[in-house]
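Next comes run-v5.csv, with CSV, C-alpha atoms.
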```
chain,number,residue,atom,x,y,z
A,1,MET,CA,32.6,-38.0,-8.7
A,2,SER,CA,31.7,-41.4,-10.1
A,3,THR,CA,30.3,-44.1,-7.8
A,4,ALA,CA,30.4,-47.8,-8.7
A,5,SER,CA,26.9,-48.5,-7.4
A,6,ASP,CA,24.9,-46.1,-9.5
A,7,ASN,CA,27.2,-45.2,-12.4
A,8,THR,CA,26.5,-41.5,-12.1
A,9,VAL,CA,28.8,-38.6,-12.0
A,10,THR,CA,28.2,-35.4,-10.1
A,11,GLY,CA,29.1,-32.5,-12.3
A,12,ALA,CA,30.4,-29.1,-11.4
A,13,ASP,CA,26.8,-27.8,-11.3
A,14,GLY,CA,25.9,-30.4,-8.6
A,15,VAL,CA,23.6,-32.3,-10.9
A,16,ASP,CA,24.0,-36.1,-11.3
A,17,ALA,CA,24.4,-37.4,-14.8
A,18,PRO,CA,24.8,-41.0,-16.0
A,19,ASP,CA,28.5,-41.9,-16.4
A,20,SER,CA,29.8,-42.8,-19.8
A,21,ASP,CA,30.6,-46.4,-20.6
A,22,ASP,CA,34.3,-45.4,-20.7
A,23,GLY,CA,34.0,-43.8,-17.3
A,24,VAL,CA,32.5,-47.0,-15.9
A,25,LEU,CA,35.3,-49.0,-17.4
A,26,ALA,CA,37.9,-46.6,-16.0
A,27,GLU,CA,36.3,-47.0,-12.6
A,28,GLN,CA,36.3,-50.7,-12.9
A,29,LEU,CA,40.0,-50.7,-13.8
A,30,LEU,CA,40.8,-48.5,-10.8
A,31,ARG,CA,38.9,-50.8,-8.5
A,32,LEU,CA,40.7,-53.8,-10.0
A,33,THR,CA,44.1,-52.1,-9.6
A,34,ARG,CA,43.3,-51.4,-5.9
A,35,ARG,CA,42.2,-55.0,-5.4
A,36,LEU,CA,45.4,-56.3,-7.1
A,37,HIS,CA,47.5,-54.1,-4.9
A,38,ARG,CA,45.8,-55.3,-1.7
A,39,ILE,CA,46.1,-59.0,-2.7
A,40,GLN,CA,49.7,-58.6,-3.7
A,41,LYS,CA,50.5,-56.7,-0.5
A,42,ARG,CA,48.9,-59.5,1.6
A,43,HIS,CA,51.0,-62.2,-0.2
A,44,LEU,CA,54.2,-60.2,0.1
A,45,GLU,CA,53.7,-59.3,3.8
A,46,PRO,CA,55.1,-62.6,5.1
A,47,LEU,CA,58.3,-61.9,3.2
A,48,GLY,CA,58.7,-58.5,4.8
A,49,ILE,CA,58.7,-56.8,1.4
A,50,THR,CA,56.4,-54.1,0.2
A,51,PRO,CA,55.1,-54.1,-3.4
A,52,ALA,CA,57.3,-51.1,-4.2
A,53,GLN,CA,60.4,-52.9,-2.9
A,54,SER,CA,59.3,-56.0,-4.9
A,55,ARG,CA,59.3,-53.9,-8.1
A,56,LEU,CA,62.7,-52.4,-7.3
A,57,LEU,CA,64.2,-55.9,-6.5
A,58,ARG,CA,62.8,-57.3,-9.8
A,59,LEU,CA,64.2,-54.3,-11.7
A,60,VAL,CA,67.7,-54.7,-10.2
A,61,SER,CA,67.6,-58.4,-11.1
A,62,HIS,CA,67.1,-57.5,-14.8
A,63,TYR,CA,70.5,-56.0,-14.8
A,64,GLN,CA,72.2,-59.3,-13.8
A,65,SER,CA,74.0,-59.8,-17.1
A,66,ALA,CA,74.9,-56.2,-17.4
A,67,GLU,CA,76.4,-53.5,-15.2
A,68,PRO,CA,74.4,-53.0,-12.0
A,69,PRO,CA,72.1,-50.0,-12.2
A,70,ARG,CA,72.7,-46.6,-10.7
A,71,MET,CA,70.1,-45.1,-8.4
A,72,ALA,CA,69.1,-42.5,-11.0
A,73,GLU,CA,68.5,-45.3,-13.6
A,74,LEU,CA,66.2,-47.1,-11.1
A,75,ALA,CA,64.3,-43.9,-10.4
A,76,ALA,CA,63.8,-43.2,-14.1
A,77,ARG,CA,62.7,-46.8,-14.9
A,78,LEU,CA,60.3,-46.8,-11.9
A,79,GLU,CA,59.1,-43.3,-12.8
A,80,VAL,CA,59.7,-42.0,-9.3
A,81,VAL,CA,61.8,-39.3,-7.7
A,82,PRO,CA,65.4,-40.4,-6.7
A,83,ARG,CA,64.6,-39.9,-3.0
A,84,ALA,CA,61.9,-42.6,-3.3
A,85,VAL,CA,64.5,-45.0,-4.7
A,86,THR,CA,66.9,-44.1,-1.8
A,87,THR,CA,64.2,-45.1,0.7
A,88,LEU,CA,63.5,-48.4,-1.1
A,89,VAL,CA,67.2,-49.3,-1.4
A,90,ASP,CA,67.6,-48.4,2.3
A,91,GLY,CA,64.9,-50.9,3.3
A,92,LEU,CA,66.2,-53.6,0.9
A,93,GLU,CA,69.8,-53.0,2.1
A,94,SER,CA,68.8,-53.4,5.7
A,95,ALA,CA,67.2,-56.8,4.7
A,96,ASP,CA,70.5,-57.7,3.0
A,97,CYS,CA,68.7,-58.0,-0.4
A,98,VAL,CA,70.8,-55.4,-2.1
A,99,ARG,CA,74.1,-53.6,-1.5
A,100,ARG,CA,75.4,-50.3,-2.6
A,101,ALA,CA,78.7,-50.6,-4.5
A,102,PRO,CA,80.9,-47.8,-5.9
A,103,ASP,CA,81.3,-47.8,-9.6
A,104,PRO,CA,85.0,-48.8,-10.4
A,105,ALA,CA,85.2,-46.2,-13.3
A,106,ASN,CA,83.7,-43.4,-11.2
A,107,ARG,CA,83.9,-43.7,-7.5
A,108,ARG,CA,81.2,-40.9,-7.1
A,109,VAL,CA,78.6,-43.2,-8.8
A,110,ILE,CA,76.9,-45.8,-6.6
A,111,ARG,CA,75.5,-48.9,-8.2
A,112,ILE,CA,72.9,-51.3,-6.7
A,113,GLU,CA,73.7,-55.0,-6.7
A,114,LEU,CA,71.6,-58.0,-5.7
A,115,THR,CA,73.0,-60.1,-2.8
A,116,ASP,CA,72.5,-63.8,-2.4
A,117,THR,CA,69.7,-63.1,0.1
A,118,GLY,CA,68.2,-60.8,-2.6
A,119,ARG,CA,68.2,-63.6,-5.2
A,120,ALA,CA,66.6,-66.0,-2.7
A,121,THR,CA,64.0,-63.4,-1.8
A,122,LEU,CA,63.3,-63.0,-5.5
A,123,ARG,CA,62.5,-66.7,-5.8
A,124,ARG,CA,60.0,-66.4,-2.9
A,125,LEU,CA,58.6,-63.2,-4.4
A,126,ARG,CA,57.9,-65.0,-7.7
A,127,ASN,CA,55.9,-67.7,-5.7
A,128,ALA,CA,54.0,-65.0,-3.8
A,129,ARG,CA,53.2,-63.1,-7.0
A,130,THR,CA,52.0,-66.3,-8.7
A,131,ALA,CA,49.8,-67.1,-5.7
A,132,ALA,CA,48.4,-63.5,-5.8
A,133,ALA,CA,47.7,-63.8,-9.6
A,134,GLU,CA,46.0,-67.2,-9.1
A,135,GLU,CA,43.8,-65.6,-6.4
A,136,ILE,CA,42.8,-62.6,-8.6
A,137,LEU,CA,42.2,-64.7,-11.7
A,138,ALA,CA,40.4,-67.6,-10.1
A,139,PRO,CA,36.9,-66.6,-11.3
A,140,LEU,CA,38.1,-66.6,-15.0
A,141,THR,CA,38.3,-69.6,-17.3
A,142,ALA,CA,41.5,-70.2,-19.4
A,143,ALA,CA,39.7,-68.7,-22.4
A,144,GLN,CA,38.7,-65.6,-20.5
A,145,ARG,CA,42.3,-65.2,-19.2
A,146,ASP,CA,43.6,-65.3,-22.8
A,147,VAL,CA,41.1,-62.7,-23.8
A,148,LEU,CA,41.9,-60.5,-20.8
A,149,GLY,CA,45.6,-60.9,-21.6
A,150,GLY,CA,45.1,-59.7,-25.1
A,151,LEU,CA,43.0,-56.7,-24.0
A,152,LEU,CA,45.5,-55.7,-21.4
A,153,ASP,CA,48.3,-55.9,-24.0
A,154,ALA,CA,46.3,-53.7,-26.3
A,155,LEU,CA,45.8,-51.2,-23.5
A,156,SER,CA,49.4,-51.3,-22.3
A,157,ASP,CA,50.9,-51.0,-25.7
A,158,ALA,CA,48.6,-48.2,-27.0
A,159,PRO,CA,50.4,-44.9,-27.5
A,160,ALA,CA,49.4,-42.2,-25.1
A,161,LYS,CA,47.4,-39.3,-26.5
A,162,ARG,CA,48.7,-36.0,-25.4
A,163,THR,CA,46.0,-33.3,-24.9
A,164,CYS,CA,46.2,-29.9,-23.3
```

This entry written out as structure tokens:
Amino acid sequence: MSTASDNTVTGADGVDAPDSDDGVLAEQLLRLTRRLHRIQKRHLEPLGITPAQSRLLRLVSHYQSAEPPRMAELAARLEVVPRAVTTLVDGLESADCVRRAPDPANRRVIRIELTDTGRATLRRLRNARTAAAEEILAPLTAAQRDVLGGLLDALSDAPAKRTC
């Protein structure tokens, strides 16, 4: 297992070996992801919204001009099991941010709609996310932020290599 302090990996044989540069980068990205999550969670906490609920709320808002999404669509887009979406919707529904509505064309299908409270919460979420981003990016200059943005785009848009 890699450690950030000494950049070594303990192999299956129990012998420590220097970590590869890619392994160090991967560990740095993981640490950054955890830090981002902690900071975002702290900024969302006063709103009573978890990061997962925030993602679901933002996703539902993208359907504003179209038909509200079904739970299965949300699960697929979030890449989670449908049960996880049910739990998130339950929490957001109890906070009056979303509501379940039967599909007029197929009463067995339930669609998820934003409420007025949900739209107001989204505005506050945007402010909280901006504050979290400013906190995490504070050490970087504008030029460094541009470079980081380009690098993250390259990593995000890269096709996944499938290996067995």

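In this model, the gap between atom CA of A:Ser94 and atom CA of A:Thr33 comes to 29.1 Å.
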
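Between atom CA of A:Ile136 and atom CA of A:Gly149 there is a distance of 13.4 Å.
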
A:Asn127 environment, 12 Å, all atoms listed in the file, sequence neighbours closer than 5 positions dropped, as a list in words: Gln40, His43, Leu44, Pro46, Leu47, Ala120, Thr121, Leu122, Ala132, Ala133 and Glu134 of chain A

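Distance-wise, atom CA of A:Arg107 and atom CA of A:Val81 end up 22.5 Å apart.
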
Determine, using only C-alpha atoms, which residues of stretch 96-162 of chain A have any atom at most 12 Å from an atom of stretch 50-62 of chain A, and tabulate each with its shortest atom pair and distance in Å to one decimal place, rows ordered by chain and then rising number, as CSV.
```
residue,atom,partner,partner_atom,distance
A:Asp96,CA,A:Leu57,CA,11.5
A:Cys97,CA,A:Leu57,CA,7.9
A:Val98,CA,A:Leu57,CA,7.9
A:Arg99,CA,A:Val60,CA,10.9
A:Arg100,CA,A:Val60,CA,11.7
A:Arg111,CA,A:Val60,CA,9.9
A:Ile112,CA,A:Val60,CA,7.1
A:Glu113,CA,A:Val60,CA,7.0
A:Leu114,CA,A:Ser61,CA,6.7
A:Thr115,CA,A:Ser61,CA,10.0
A:Asp116,CA,A:Ser61,CA,11.4
A:Thr117,CA,A:Leu57,CA,11.2
A:Gly118,CA,A:Leu57,CA,7.4
A:Arg119,CA,A:Ser61,CA,7.9
A:Ala120,CA,A:Leu57,CA,11.1
A:Thr121,CA,A:Leu57,CA,8.9
A:Leu122,CA,A:Arg58,CA,7.2
A:Arg123,CA,A:Arg58,CA,10.2
A:Arg124,CA,A:Ser54,CA,10.6
A:Leu125,CA,A:Ser54,CA,7.3
A:Arg126,CA,A:Arg58,CA,9.4
A:Ala128,CA,A:Ser54,CA,10.5
A:Arg129,CA,A:Ser54,CA,9.6
A:Ala132,CA,A:Pro51,CA,11.8
```

Grab all the atoms of stretch 17-32 of chain A that the file lists, wrap them in a box along x, y and z, add 3 Å per side, and give me centre plus edge lengths in Å (one decimal) as JSON.
```
{"center_x": 32.6, "center_y": -45.6, "center_z": -14.6, "size_x": 22.4, "size_y": 22.4, "size_z": 18.2}
```
